[in-house]
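*Asks:* Supplied structure: my_file.txt, compact mmCIF, C-alpha atoms and all ligand atoms.
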```
# COMPACT_ATOMS: atom_id res chain seq x y z
CA ASP A 1 -201.47 -143.41 56.29
CA ASN A 2 -200.88 -141.26 53.29
CA GLU A 3 -197.72 -139.74 54.58
CA ILE A 4 -196.33 -143.15 55.59
CA MET A 5 -197.30 -144.69 52.25
CA LYS A 6 -195.50 -141.97 50.43
CA TRP A 7 -192.45 -142.49 52.57
CA LYS A 8 -192.49 -146.26 52.03
CA PHE A 9 -192.89 -145.82 48.33
CA HIS A 10 -190.05 -143.41 48.32
CA THR A 11 -187.69 -145.75 50.19
CA ILE A 12 -188.64 -148.75 48.07
CA GLY A 13 -187.99 -146.64 45.02
CA LEU A 14 -184.58 -145.67 46.32
CA PHE A 15 -183.80 -149.23 47.25
CA CYS A 16 -184.60 -150.51 43.73
CA LEU A 17 -182.53 -147.78 42.23
CA PHE A 18 -179.66 -148.74 44.49
CA ILE A 19 -179.81 -152.44 43.53
CA ILE A 20 -180.04 -151.60 39.86
CA ARG A 21 -177.11 -149.25 40.05
CA ILE A 22 -174.97 -151.72 41.94
CA THR A 23 -175.75 -154.74 39.82
CA SER A 24 -175.44 -152.78 36.63
CA GLY A 25 -171.73 -152.33 37.45
CA GLN A 26 -169.75 -155.24 36.06
CA CYS A 27 -167.71 -157.35 38.39
CA PRO A 28 -164.10 -156.80 37.28
CA ASP A 29 -162.20 -159.71 35.75
CA ASP A 30 -160.41 -161.88 38.32
CA CYS A 31 -162.59 -160.49 41.11
CA ARG A 32 -165.63 -161.78 42.94
CA CYS A 33 -168.65 -159.75 43.89
CA PRO A 34 -170.34 -161.82 46.59
CA ARG A 35 -172.99 -159.22 47.43
CA PRO A 36 -174.14 -156.01 45.89
CA GLY A 37 -171.60 -153.33 46.70
CA GLN A 38 -168.85 -155.77 47.69
CA VAL A 39 -165.85 -156.42 45.51
CA ASP A 40 -163.19 -158.94 46.40
CA CYS A 41 -160.09 -158.97 44.21
CA SER A 42 -157.85 -161.40 46.07
CA GLY A 43 -155.11 -163.74 44.98
CA SER A 44 -151.74 -163.66 43.32
CA ASP A 45 -153.21 -163.09 39.85
CA ILE A 46 -153.96 -159.53 40.85
CA LEU A 47 -150.97 -157.38 39.93
CA GLU A 48 -152.56 -153.96 40.22
CA ILE A 49 -155.78 -152.24 41.27
CA PRO A 50 -158.33 -153.27 38.62
CA THR A 51 -159.53 -150.23 36.69
CA SER A 52 -162.99 -151.59 36.03
CA ILE A 53 -164.25 -151.58 39.62
CA PRO A 54 -167.68 -149.91 39.71
CA PRO A 55 -167.35 -146.63 41.62
CA ASN A 56 -170.40 -146.95 43.85
CA ILE A 57 -169.22 -149.94 45.91
CA ARG A 58 -169.23 -150.17 49.71
CA SER A 59 -166.37 -152.54 50.30
CA LEU A 60 -163.18 -153.43 48.46
CA ILE A 61 -161.09 -156.33 49.67
CA MET A 62 -157.75 -157.37 48.21
CA LEU A 63 -155.86 -160.10 50.07
CA ASN A 64 -152.70 -161.99 49.11
CA THR A 65 -152.24 -160.03 45.89
CA GLU A 66 -149.10 -158.93 44.06
CA VAL A 67 -150.19 -155.31 44.06
CA LYS A 68 -147.18 -153.05 44.62
CA GLU A 69 -148.61 -149.62 44.15
CA LEU A 70 -151.65 -147.59 45.04
CA PRO A 71 -151.42 -144.64 42.63
CA ASP A 72 -152.87 -141.17 43.15
CA ARG A 73 -156.62 -140.84 42.67
CA ILE A 74 -157.10 -144.47 41.67
CA LEU A 75 -160.06 -144.75 44.05
CA GLU A 76 -161.23 -141.16 43.68
CA ASN A 77 -164.78 -141.96 42.57
CA MET A 78 -165.50 -144.40 45.37
CA THR A 79 -167.12 -141.84 47.59
CA ALA A 80 -169.45 -144.43 49.16
CA LEU A 81 -166.66 -146.85 50.07
CA LEU A 82 -166.87 -147.85 53.75
CA ILE A 83 -164.30 -150.62 53.97
CA LEU A 84 -160.94 -150.88 52.22
CA ARG A 85 -158.64 -153.78 52.99
CA ILE A 86 -155.46 -154.34 51.03
CA GLU A 87 -153.65 -156.92 53.12
CA LYS A 88 -150.84 -159.46 52.79
CA SER A 89 -149.80 -157.95 49.51
CA GLU A 90 -146.66 -156.31 48.17
CA LEU A 91 -147.78 -152.75 48.60
CA SER A 92 -144.77 -150.48 48.92
CA ILE A 93 -145.72 -147.34 47.02
CA LEU A 94 -148.54 -145.09 48.10
CA GLY A 95 -149.31 -141.88 46.29
CA SER A 96 -150.03 -139.03 48.66
CA LYS A 97 -153.45 -138.72 46.98
CA ALA A 98 -154.09 -142.45 46.78
CA LEU A 99 -156.96 -142.17 49.23
CA SER A 100 -158.31 -138.81 48.22
CA ASN A 101 -162.08 -138.44 48.07
CA LEU A 102 -162.80 -141.52 50.20
CA ILE A 103 -165.07 -139.40 52.33
CA SER A 104 -167.21 -142.27 53.64
CA LEU A 105 -164.40 -144.63 54.60
CA ARG A 106 -164.78 -146.09 58.11
CA TYR A 107 -162.31 -148.98 58.06
CA LEU A 108 -158.90 -148.99 56.41
CA SER A 109 -156.45 -151.84 56.72
CA LEU A 110 -153.10 -152.02 54.98
CA LEU A 111 -151.96 -154.80 57.27
CA ASN A 112 -148.99 -156.91 56.27
CA ASN A 113 -147.51 -155.11 53.30
CA ARG A 114 -144.12 -153.59 52.57
CA LEU A 115 -144.84 -150.00 53.36
CA GLN A 116 -141.87 -148.01 54.57
CA GLU A 117 -143.46 -144.64 54.73
CA ILE A 118 -146.83 -143.01 54.85
CA PRO A 119 -146.96 -139.84 52.75
CA ASP A 120 -148.14 -136.64 54.39
CA GLY A 121 -151.75 -135.89 53.62
CA LEU A 122 -152.61 -139.48 52.74
CA PHE A 123 -155.45 -139.57 55.27
CA LYS A 124 -156.55 -136.00 54.68
CA ASP A 125 -160.03 -136.77 53.35
CA LEU A 126 -160.77 -139.65 55.70
CA THR A 127 -162.77 -137.68 58.20
CA LYS A 128 -165.12 -140.57 58.99
CA LEU A 129 -162.38 -143.13 59.61
CA GLU A 130 -162.88 -145.21 62.75
CA THR A 131 -160.29 -147.94 62.38
CA LEU A 132 -156.83 -147.67 60.87
CA ILE A 133 -154.63 -150.73 60.72
CA LEU A 134 -151.05 -150.35 59.57
CA ALA A 135 -149.36 -153.12 61.54
CA ASN A 136 -146.88 -155.55 60.01
CA ASN A 137 -145.25 -153.18 57.62
CA GLN A 138 -141.77 -151.66 57.68
CA ILE A 139 -142.75 -148.18 58.67
CA SER A 140 -139.88 -146.60 60.51
CA GLU A 141 -141.10 -143.07 60.77
CA LEU A 142 -144.35 -141.20 60.63
CA HIS A 143 -144.40 -137.52 59.89
CA PRO A 144 -146.09 -135.21 62.37
CA LEU A 145 -148.86 -134.25 59.98
CA VAL A 146 -149.72 -137.73 58.82
CA PHE A 147 -152.72 -138.08 61.08
CA SER A 148 -155.17 -135.44 60.09
CA THR A 149 -156.68 -133.40 62.88
CA LEU A 150 -160.01 -134.11 61.21
CA MET A 151 -159.80 -137.79 62.03
CA ILE A 152 -161.54 -137.18 65.31
CA GLY A 153 -163.59 -140.37 65.18
CA LEU A 154 -160.56 -142.64 64.92
CA SER A 155 -160.80 -144.96 67.88
CA LYS A 156 -158.63 -147.83 66.81
CA LEU A 157 -155.11 -147.35 65.55
CA ASN A 158 -153.05 -150.46 65.11
CA LEU A 159 -149.46 -150.15 64.10
CA ASP A 160 -146.13 -151.48 65.24
CA ILE A 161 -144.04 -149.05 67.15
CA PRO A 162 -140.84 -148.55 65.24
CA ASN A 163 -137.76 -147.04 66.84
CA GLY A 164 -137.83 -143.31 66.51
CA LEU A 165 -141.49 -143.27 65.53
CA LEU A 166 -142.32 -140.27 67.66
CA ASN A 167 -138.98 -138.48 67.50
CA GLN A 168 -140.26 -135.76 65.22
CA LEU A 169 -143.40 -135.14 67.22
CA THR A 170 -141.77 -132.89 69.76
CA SER A 171 -144.95 -131.02 70.58
CA LEU A 172 -147.07 -134.11 71.06
CA GLN A 173 -149.29 -133.77 74.12
CA GLU A 174 -151.39 -136.89 73.93
CA ILE A 175 -150.90 -140.31 72.43
CA ALA A 176 -153.47 -143.10 72.31
CA LEU A 177 -152.10 -146.55 71.61
CA HIS A 178 -154.63 -148.44 73.70
CA SER A 179 -156.59 -151.49 72.55
CA ASN A 180 -153.98 -152.73 70.16
CA GLN A 181 -151.69 -155.75 70.12
CA ILE A 182 -148.56 -153.96 71.25
CA SER A 183 -146.25 -156.38 73.01
CA GLN A 184 -143.12 -154.25 73.22
CA VAL A 185 -142.21 -150.61 73.31
CA PRO A 186 -138.74 -149.26 72.60
CA ALA A 187 -137.14 -147.82 75.74
CA ASP A 188 -136.66 -144.43 74.09
CA ILE A 189 -140.10 -144.21 72.49
CA PHE A 190 -140.98 -141.00 74.35
CA ALA A 191 -137.45 -139.65 74.62
CA TYR A 192 -138.21 -136.54 72.54
CA ASN A 193 -141.80 -136.00 73.59
CA THR A 194 -141.22 -133.96 76.70
CA TYR A 195 -144.57 -132.19 76.41
CA LEU A 196 -146.61 -135.36 76.66
CA GLN A 197 -149.48 -134.99 79.08
CA LYS A 198 -151.41 -138.17 78.37
CA ILE A 199 -150.24 -141.62 77.36
CA PHE A 200 -152.79 -144.39 76.85
CA ILE A 201 -151.34 -147.89 76.43
CA SER A 202 -153.91 -149.95 78.30
CA ASN A 203 -155.42 -153.06 76.74
CA ASN A 204 -152.33 -154.26 74.94
CA LYS A 205 -149.97 -157.17 75.39
CA LEU A 206 -147.04 -155.53 77.14
CA SER A 207 -145.29 -158.02 79.40
CA SER A 208 -142.64 -155.65 80.69
CA LEU A 209 -141.85 -151.96 80.87
CA PRO A 210 -138.37 -151.16 79.58
CA GLN A 211 -135.85 -149.30 81.73
CA GLY A 212 -135.73 -145.62 80.95
CA PHE A 213 -139.15 -145.70 79.36
CA LEU A 214 -140.85 -142.98 81.44
CA MET A 215 -137.89 -140.81 82.31
CA ASN A 216 -138.15 -137.36 80.83
CA LEU A 217 -141.85 -136.56 81.04
CA PRO A 218 -142.30 -133.59 83.36
CA GLU A 219 -145.80 -132.82 82.08
CA LEU A 220 -147.23 -136.33 82.20
CA SER A 221 -150.48 -136.32 84.13
CA LYS A 222 -152.26 -139.38 82.78
CA LEU A 223 -150.79 -142.79 82.04
CA THR A 224 -152.85 -145.92 81.48
CA LEU A 225 -151.08 -149.27 81.75
CA HIS A 226 -153.94 -151.47 82.95
CA ALA A 227 -155.08 -154.60 81.14
CA ASN A 228 -151.71 -155.63 79.79
CA ALA A 229 -149.64 -158.67 80.71
CA ILE A 230 -146.96 -156.89 82.77
CA LYS A 231 -145.12 -159.46 84.87
CA GLU A 232 -142.59 -157.29 86.59
CA ILE A 233 -141.72 -153.71 87.33
CA THR A 234 -138.06 -152.96 87.85
CA THR A 235 -136.33 -149.87 89.16
CA GLY A 236 -135.44 -147.44 86.40
CA VAL A 237 -138.87 -147.48 84.71
CA PHE A 238 -140.42 -144.45 86.39
CA GLY A 239 -138.43 -141.25 86.37
CA PRO A 240 -139.56 -138.20 88.32
CA LEU A 241 -143.12 -137.55 87.12
CA PRO A 242 -144.14 -134.45 89.07
CA LYS A 243 -147.58 -134.14 87.45
CA LEU A 244 -148.56 -137.79 87.61
CA LYS A 245 -151.18 -138.10 90.32
CA GLU A 246 -152.58 -141.53 89.43
CA LEU A 247 -150.97 -144.78 88.37
CA TRP A 248 -153.29 -147.55 87.22
CA LEU A 249 -151.74 -151.00 86.93
CA TYR A 250 -154.75 -153.25 87.52
CA ASP A 251 -155.35 -156.35 85.41
CA ASN A 252 -151.74 -157.23 84.83
CA GLN A 253 -149.68 -160.24 85.89
CA LEU A 254 -147.43 -158.80 88.57
CA GLU A 255 -146.28 -161.44 91.05
CA LYS A 256 -144.16 -159.31 93.31
CA LEU A 257 -143.23 -155.72 94.08
CA GLY A 258 -139.52 -155.27 94.64
CA ALA A 259 -137.71 -152.57 96.62
CA ASN A 260 -137.84 -148.96 95.43
CA VAL A 261 -139.71 -149.57 92.19
CA PHE A 262 -141.85 -146.45 92.73
CA LEU A 263 -139.06 -144.41 94.33
CA ASN A 264 -139.42 -141.48 91.92
CA LEU A 265 -143.20 -141.20 92.21
CA THR A 266 -143.06 -138.67 94.99
CA TYR A 267 -146.18 -136.84 93.76
CA THR A 268 -148.47 -139.78 93.07
CA GLN A 269 -151.68 -139.85 95.11
CA LEU A 270 -153.43 -142.92 93.79
CA LEU A 271 -151.83 -146.29 93.09
CA ILE A 272 -154.01 -149.11 91.76
CA ILE A 273 -152.36 -152.54 91.64
CA SER A 274 -155.45 -154.64 92.18
CA ARG A 275 -156.27 -157.71 90.10
CA ASN A 276 -152.71 -158.92 89.62
CA GLN A 277 -151.11 -162.04 91.10
CA ILE A 278 -148.94 -160.40 93.73
CA GLN A 279 -147.65 -162.82 96.33
CA TYR A 280 -144.83 -160.79 97.78
CA ILE A 281 -144.28 -157.12 98.53
CA SER A 282 -140.83 -155.94 99.60
CA ILE A 283 -140.71 -153.94 102.78
CA ASP A 284 -139.22 -151.13 100.66
CA ALA A 285 -141.61 -151.42 97.72
CA PHE A 286 -143.51 -148.24 98.53
CA ASN A 287 -140.49 -146.05 99.29
CA GLY A 288 -140.82 -142.63 97.74
CA LEU A 289 -144.60 -142.49 97.63
CA ASP A 290 -144.66 -139.56 100.05
CA GLU A 291 -147.95 -138.14 98.79
CA LEU A 292 -149.88 -141.36 98.33
CA LEU A 293 -153.45 -141.10 99.59
CA GLU A 294 -155.00 -144.27 98.23
CA LEU A 295 -153.57 -147.72 97.60
CA SER A 296 -155.52 -150.54 96.03
CA LEU A 297 -154.07 -154.02 96.45
CA HIS A 298 -157.21 -156.11 96.40
CA THR A 299 -157.64 -159.28 94.35
CA ASN A 300 -154.07 -160.52 94.44
CA ALA A 301 -152.40 -163.58 95.92
CA LEU A 302 -151.05 -162.11 99.14
CA SER A 303 -151.08 -164.41 102.16
CA THR A 304 -149.60 -161.88 104.54
CA LEU A 305 -147.86 -158.50 104.67
CA GLU A 306 -144.70 -157.54 106.48
CA GLU A 307 -145.08 -155.38 109.51
CA ASP A 308 -143.35 -152.28 108.17
CA VAL A 309 -144.45 -152.50 104.56
CA PHE A 310 -146.46 -149.26 104.74
CA HIS A 311 -143.85 -147.31 106.74
CA SER A 312 -143.14 -144.95 103.83
CA LEU A 313 -146.75 -143.89 103.26
CA PRO A 314 -147.25 -141.11 105.81
CA LYS A 315 -150.33 -139.62 104.14
CA LEU A 316 -152.21 -142.76 103.24
CA GLN A 317 -155.95 -142.40 103.79
CA SER A 318 -157.39 -145.47 102.19
CA ILE A 319 -156.26 -148.98 101.42
CA SER A 320 -158.01 -152.07 100.08
CA ILE A 321 -156.58 -155.57 100.49
CA HIS A 322 -159.67 -157.75 100.23
CA SER A 323 -159.85 -160.78 97.94
CA ASN A 324 -156.34 -161.99 98.72
CA LYS A 325 -155.34 -165.12 100.60
CA ILE A 326 -154.62 -163.33 103.83
CA ASN A 327 -155.17 -165.34 106.97
CA HIS A 328 -153.06 -163.30 109.32
CA LEU A 329 -151.76 -159.73 109.50
CA PRO A 330 -149.13 -158.32 111.86
CA ILE A 331 -150.68 -156.47 114.76
CA ASP A 332 -148.70 -153.29 114.12
CA LEU A 333 -149.25 -153.19 110.37
CA PHE A 334 -151.07 -149.84 110.48
CA ARG A 335 -149.22 -148.37 113.45
CA ASP A 336 -148.62 -144.60 113.32
CA MET A 337 -150.66 -144.19 110.12
CA PHE A 338 -152.69 -141.32 111.52
CA ASN A 339 -154.44 -140.38 108.30
CA LEU A 340 -155.72 -143.81 107.51
CA ALA A 341 -159.50 -143.64 107.49
CA THR A 342 -160.53 -146.63 105.39
CA ILE A 343 -159.12 -150.12 105.46
CA GLN A 344 -161.02 -152.46 103.24
CA LEU A 345 -160.30 -156.01 104.37
CA ALA A 346 -163.41 -157.64 103.00
CA LYS A 347 -165.60 -156.98 100.01
C1 LIG B 1 -163.81 -140.61 38.04
O1 LIG B 1 -164.88 -140.04 37.37
C2 LIG B 1 -164.50 -139.04 36.43
C3 LIG B 1 -165.78 -138.42 35.86
O2 LIG B 1 -166.68 -139.42 35.51
C4 LIG B 1 -163.62 -139.64 35.35
O3 LIG B 1 -163.20 -138.65 34.43
C5 LIG B 1 -162.40 -140.26 36.02
O4 LIG B 1 -161.59 -140.91 35.05
C6 LIG B 1 -162.83 -141.26 37.09
N1 LIG B 1 -161.63 -141.71 37.79
C7 LIG B 1 -161.26 -143.00 37.82
C8 LIG B 1 -160.00 -143.30 38.56
O5 LIG B 1 -161.89 -143.90 37.33
C1 LIG B 2 -135.43 -142.22 89.17
O1 LIG B 2 -135.18 -141.33 88.10
C2 LIG B 2 -133.83 -141.27 87.67
C3 LIG B 2 -133.74 -140.23 86.58
O2 LIG B 2 -134.02 -138.96 87.08
C4 LIG B 2 -133.35 -142.61 87.19
O3 LIG B 2 -132.01 -142.56 86.82
C5 LIG B 2 -133.55 -143.64 88.28
O4 LIG B 2 -133.24 -144.92 87.80
C6 LIG B 2 -134.99 -143.63 88.75
N1 LIG B 2 -135.11 -144.50 89.92
C7 LIG B 2 -135.92 -145.55 89.97
C8 LIG B 2 -135.88 -146.31 91.26
O5 LIG B 2 -136.65 -145.91 89.08
```
Could you write out this file's structure as C-alpha cells?
*Replies:*
Amino acid sequence: DNEIMKWKFHTIGLFCLFIIRITSGQCPDDCRCPRPGQVDCSGSDILEIPTSIPPNIRSLIMLNTEVKELPDRILENMTALLILRIEKSELSILGSKALSNLISLRYLSLLNNRLQEIPDGLFKDLTKLETLILANNQISELHPLVFSTLMIGLSKLNLDIPNGLLNQLTSLQEIALHSNQISQVPADIFAYNTYLQKIFISNNKLSSLPQGFLMNLPELSKLTLHANAIKEITTGVFGPLPKLKELWLYDNQLEKLGANVFLNLTYTQLLIISRNQIQYISIDAFNGLDELLELSLHTNALSTLEEDVFHSLPKLQSISIHSNKINHLPIDLFRDMFNLATIQLAK
C-alpha cells in the first residue's frame, strides 16, 4: 500500500537517476561502452589509461593494449568500480597508489602483463576484493606487506609461483594457493617458512611433488593436496612433520605406492589416498606410519594386496578398500592387527 508505493517510487527514482548519470558520461574515444556502467578500452590503439572515463562506472576492461603504466590515483574517483581487467597488455609500471580509493572493487585481473614487482600498499584500499589474478607476469618477489590484512574476503588468488616468492615471509603461518592453475612448485618454495602451520594447495594441476618440498616444516598441521593430478610420490618429499596428523591425497592420479614414501610421517594418524588409480602397493609403502589410525584406499584399481602390506601399521583402527577390483585377499592380511575395528570392504 502506501508504504510500498513510496518505496517503489523511491527506487524507480533512484534507478532513473542512475541511468541518467551513467549515460550522461561520454564514452571515451577509442573505447566502447556496451552497457551502462561498462567501459571497454581494448586494442593496440590504446597507449595509456584514457583520462575521459566517466568516474561512476562499474567495470573497466582493457585487453591487448599497449598500456605500459598505471600511474598513481589515475582511477581514484571510480569508487563504484567492481571489475577491473587490464590483461595481455604491456603493463610494467604500477604506482603504489594506482589502485587507491577503489573501495568497491571485487575482481582485479592484471593477467599476462610485464609486471616485475607489486608495490607495497597497492592493494591497501581493496577491502572488498574477492578475486585477484596476477598470473603470467614476471613477478619474482612479493613483499610481506603486499597483501593487506583487510583483504579478508579474498578467496581466489591466482599467480605463478616464482622462485623465492615466499623467502621474505619468514613468519608466515598460513598460505592458501588452492583452486588455481598451479602445475609446478619450486622445491624450495617453503624453505624459509618454518612457522607454516597450514598449506592449502588442493584443486590445482600439480602432477608431482618435488623432492625436498616439505622438509623443514616442524609446525605444519594442515596440508591439502587433494584434487590435483599427482601421478607419483617419491621418497624425499615428506620430511619429519611432527604436527601433521592428517594427509589428504584423494582425487589424484597415483598408480602405485613405492617403498618408504611415507617413512618420515611417524605422527600421522589419518591417510586418505582414495579415488586415485592405484594398482600396486609396495610391501614397504606404509613403513614409518607408526601412529596411523585410519587408512582410506577405496576407489582405486587394486586387484589384490600383499600379505604383509599392513605390517607396519600397529595402531590401525579403520581401513576402507571398497570400490577396487579386488577378487581375492590373502587370508592373513589383517593378522596381528589387534586394534583394527572397522574394515570396509564394500560400500
Ligand atoms: C577526481 O575528482 C576530483 C574532484 O572532482 C578531481 O579534482 C580529480 O582531478 C579527479 N581525478 C581524476 C584522476 O580524474
Ligand atoms: C626424511 O626426512 C629427511 C630429512 O630430515 C630426508 O632427508 C629424507 O629424504 C626423508 N625420507 C623420506 C623417505 O622421504
*Asks:* How would you write, as a PDB file with C-alpha atoms, in the frame of the given file, the set of residues no farther than 10 Å from ligand LIG 2 (chain B) when counting all atoms listed in the file?
*Replies:*
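What ended up in out18.pdb:
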```pdb
ATOM      1  CA  GLN A 211    -135.850-149.300  81.730  1.00  0.00           C
ATOM      2  CA  GLY A 212    -135.730-145.620  80.950  1.00  0.00           C
ATOM      3  CA  LEU A 214    -140.850-142.980  81.440  1.00  0.00           C
ATOM      4  CA  MET A 215    -137.890-140.810  82.310  1.00  0.00           C
ATOM      5  CA  ASN A 216    -138.150-137.360  80.830  1.00  0.00           C
ATOM      6  CA  ILE A 233    -141.720-153.710  87.330  1.00  0.00           C
ATOM      7  CA  THR A 234    -138.060-152.960  87.850  1.00  0.00           C
ATOM      8  CA  THR A 235    -136.330-149.870  89.160  1.00  0.00           C
ATOM      9  CA  GLY A 236    -135.440-147.440  86.400  1.00  0.00           C
ATOM     10  CA  VAL A 237    -138.870-147.480  84.710  1.00  0.00           C
ATOM     11  CA  PHE A 238    -140.420-144.450  86.390  1.00  0.00           C
ATOM     12  CA  GLY A 239    -138.430-141.250  86.370  1.00  0.00           C
ATOM     13  CA  PRO A 240    -139.560-138.200  88.320  1.00  0.00           C
ATOM     14  CA  LEU A 241    -143.120-137.550  87.120  1.00  0.00           C
ATOM     15  CA  ALA A 259    -137.710-152.570  96.620  1.00  0.00           C
ATOM     16  CA  ASN A 260    -137.840-148.960  95.430  1.00  0.00           C
ATOM     17  CA  VAL A 261    -139.710-149.570  92.190  1.00  0.00           C
ATOM     18  CA  PHE A 262    -141.850-146.450  92.730  1.00  0.00           C
ATOM     19  CA  LEU A 263    -139.060-144.410  94.330  1.00  0.00           C
ATOM     20  CA  ASN A 264    -139.420-141.480  91.920  1.00  0.00           C
ATOM     21  CA  LEU A 265    -143.200-141.200  92.210  1.00  0.00           C
ATOM     22  CA  ASN A 287    -140.490-146.050  99.290  1.00  0.00           C
ATOM     23  CA  GLY A 288    -140.820-142.630  97.740  1.00  0.00           C
TER      24      GLY A 288
END
```
*Asks:* How many Å separate CA of Asn252 (chain A) from CA of Thr299 (chain A)?
*Replies:*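 That distance, rounded to one decimal, is 11.4 Å.
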*Asks:* Show me which residues are within 12 Å of ligand LIG 1 (chain B) counting only C-alpha atoms and all ligand atoms, and format the list as a list of chain:residue names.
*Replies:*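 Residues lying within 12 Å of ligand LIG 1 (chain B): A:Ile49, A:Pro50, A:Thr51, A:Ser52, A:Ile53, A:Pro54, A:Pro55, A:Asn56, A:Leu70, A:Pro71, A:Asp72, A:Arg73, A:Ile74, A:Leu75, A:Glu76, A:Asn77, A:Met78, A:Thr79, A:Lys97, A:Ala98, A:Leu99, A:Ser100, A:Asn101.
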*Asks:* Hey, can you check how far CA of Glu90 (chain A) sits from CA of Asn136 (chain A)?
*Replies:*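 CA of Asn136 (chain A) lies 11.9 Å from CA of Glu90 (chain A).
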*Asks:* Rounded to one decimal in Å, what is the spacing between CA of Asn112 (chain A) and CA of Lys128 (chain A)?
*Replies:* 23.1 Å
*Asks:* Give me the residues near Glu307 (chain A) as a list of chain:residue names, where near means some atom within 7 Å (using all atoms listed in the file) and where sequence neighbours in that chain fewer than 2 positions away do not count.
*Replies:*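 Near Glu307 (chain A), the qualifying residues are A:Leu305, A:Val309, A:Pro330, A:Asp332, A:Leu333.
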*Asks:* Can those selected residues be exported to a file as a PDB file, in the coordinates of the input so that it contains C-alpha atoms?
*Replies:*
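In the end it all went to result00.pdb:
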```pdb
ATOM      1  CA  LEU A 305    -147.860-158.500 104.670  1.00  0.00           C
ATOM      2  CA  VAL A 309    -144.450-152.500 104.560  1.00  0.00           C
ATOM      3  CA  PRO A 330    -149.130-158.320 111.860  1.00  0.00           C
ATOM      4  CA  ASP A 332    -148.700-153.290 114.120  1.00  0.00           C
ATOM      5  CA  LEU A 333    -149.250-153.190 110.370  1.00  0.00           C
TER       6      LEU A 333
END
```
*Asks:* Which of these residues is nearest to Ile175 (chain A), using only C-alpha atoms: A:Glu255, A:His298, A:Lys222, A:Gln277?
*Replies:* A:Lys222
*Asks:* Which residues, protein or nucleic acid, reach to within 7 Å of (-143.9, -147.7, 77.8) in the file's coordinates when using only C-alpha atoms, and can you give that as a list in words?
*Replies:*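 Checked against the point, the hits come out as Val185, Leu209, Pro210, Phe213 and Leu214 of chain A.
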*Asks:* Residues near Leu63 (chain A), anyone? I mean within 9 Å using all atoms listed in the file, not counting same-chain ones fewer than 2 positions away, as a ChimeraX atom specification.
*Replies:* /A:40-44,61,65,85-89
*Asks:* What would the file look like if the residues just selected were written as a short mmCIF file (atom, residue, chain, number, x, y, z; two decimals), keeping the file's coordinate frame with C-alpha atoms?
*Replies:*
```
data_model
loop_
_atom_site.label_atom_id
_atom_site.label_comp_id
_atom_site.auth_asym_id
_atom_site.auth_seq_id
_atom_site.Cartn_x
_atom_site.Cartn_y
_atom_site.Cartn_z
CA ASP A 40 -163.19 -158.94 46.40
CA CYS A 41 -160.09 -158.97 44.21
CA SER A 42 -157.85 -161.40 46.07
CA GLY A 43 -155.11 -163.74 44.98
CA SER A 44 -151.74 -163.66 43.32
CA ILE A 61 -161.09 -156.33 49.67
CA THR A 65 -152.24 -160.03 45.89
CA ARG A 85 -158.64 -153.78 52.99
CA ILE A 86 -155.46 -154.34 51.03
CA GLU A 87 -153.65 -156.92 53.12
CA LYS A 88 -150.84 -159.46 52.79
CA SER A 89 -149.80 -157.95 49.51
#
```
*Asks:* Using only C-alpha atoms, which of A:Ile103, A:Ile139, A:Ile278, A:Ile46 sits nearest Val67 (chain A)?
*Replies:*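 Ranking A:Ile103, A:Ile139, A:Ile278, A:Ile46 by distance to Val67 (chain A), first place goes to A:Ile46.
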*Asks:* Which residues, written as number ranges by chain, have at least one atom at most 12 Å from region 193-195 of chain A, with all atoms listed in the file counted and residues fewer than 2 positions away on the same chain left out?
*Replies:* A: 164-175, 188-191, 197-199, 213-221, 241, 243
*Asks:* Could you check which of A:Asp284, A:Glu117, A:Glu48, A:Asp336 is closest to Met62 (chain A), using all atoms listed in the file?
*Replies:* A:Glu48
*Asks:* Looking at all atoms listed in the file, which of A:Val39, A:Leu329, A:Ile321, A:Leu134 is the one that sits closest to Leu82 (chain A)?
*Replies:*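 Closest to Leu82 (chain A), using all atoms listed in the file: A:Val39.
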*Asks:* Could you give me, as a list in words, the residues that have an atom at most 9 Å away from the point (-151.2, -146.3, 90.8) in the coordinates of the file, using all atoms listed in the file?
*Replies:*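 Checking each residue against the 9 Å limit leaves Lys245, Glu246, Leu247, Trp248, Leu249, Tyr250, Thr268, Gln269, Leu270, Leu271, Ile272, Ile273, Glu294, Leu295 and Ser296 of chain A.
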*Asks:* Smallest atom-to-atom distance to Ala301 (chain A): which of A:Leu81, A:His178, A:Leu254, A:Ala229, using all atoms listed in the file?
*Replies:*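 With all atoms listed in the file as the atom set, the closest residue is A:Leu254.
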*Asks:* So that I can check the surroundings of Arg335 (chain A), please list as a ChimeraX atom specification every protein, DNA and RNA residue that reaches within 10 Å of it, counting all atoms listed in the file and ignoring chain neighbours fewer than 2 positions away.
*Replies:* /A:307-308,310-311,331-333,337-338,340
*Asks:* Kindly export the residues of the current selection with C-alpha atoms, as a CSV table (one decimal), in the coordinates of the input.
*Replies:*
```csv
chain,number,residue,atom,x,y,z
A,307,GLU,CA,-145.1,-155.4,109.5
A,308,ASP,CA,-143.4,-152.3,108.2
A,310,PHE,CA,-146.5,-149.3,104.7
A,311,HIS,CA,-143.8,-147.3,106.7
A,331,ILE,CA,-150.7,-156.5,114.8
A,332,ASP,CA,-148.7,-153.3,114.1
A,333,LEU,CA,-149.2,-153.2,110.4
A,337,MET,CA,-150.7,-144.2,110.1
A,338,PHE,CA,-152.7,-141.3,111.5
A,340,LEU,CA,-155.7,-143.8,107.5
```
*Asks:* Determine, counting only C-alpha atoms, which protein, DNA and RNA residues have an atom within 8 Å of an atom of Ser183 (chain A); residues of the same chain fewer than 2 positions away are not included. Present the result as a ChimeraX atom specification.
*Replies:* /A:181,185,204-207
*Asks:* With all atoms listed in the file as the atoms that count, which of A:Gln317, A:Ser104, A:Gln116, A:Thr224 lies nearest to Gln138 (chain A)?
*Replies:*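 Nearest candidate to Gln138 (chain A) out of A:Gln317, A:Ser104, A:Gln116, A:Thr224: A:Gln116.
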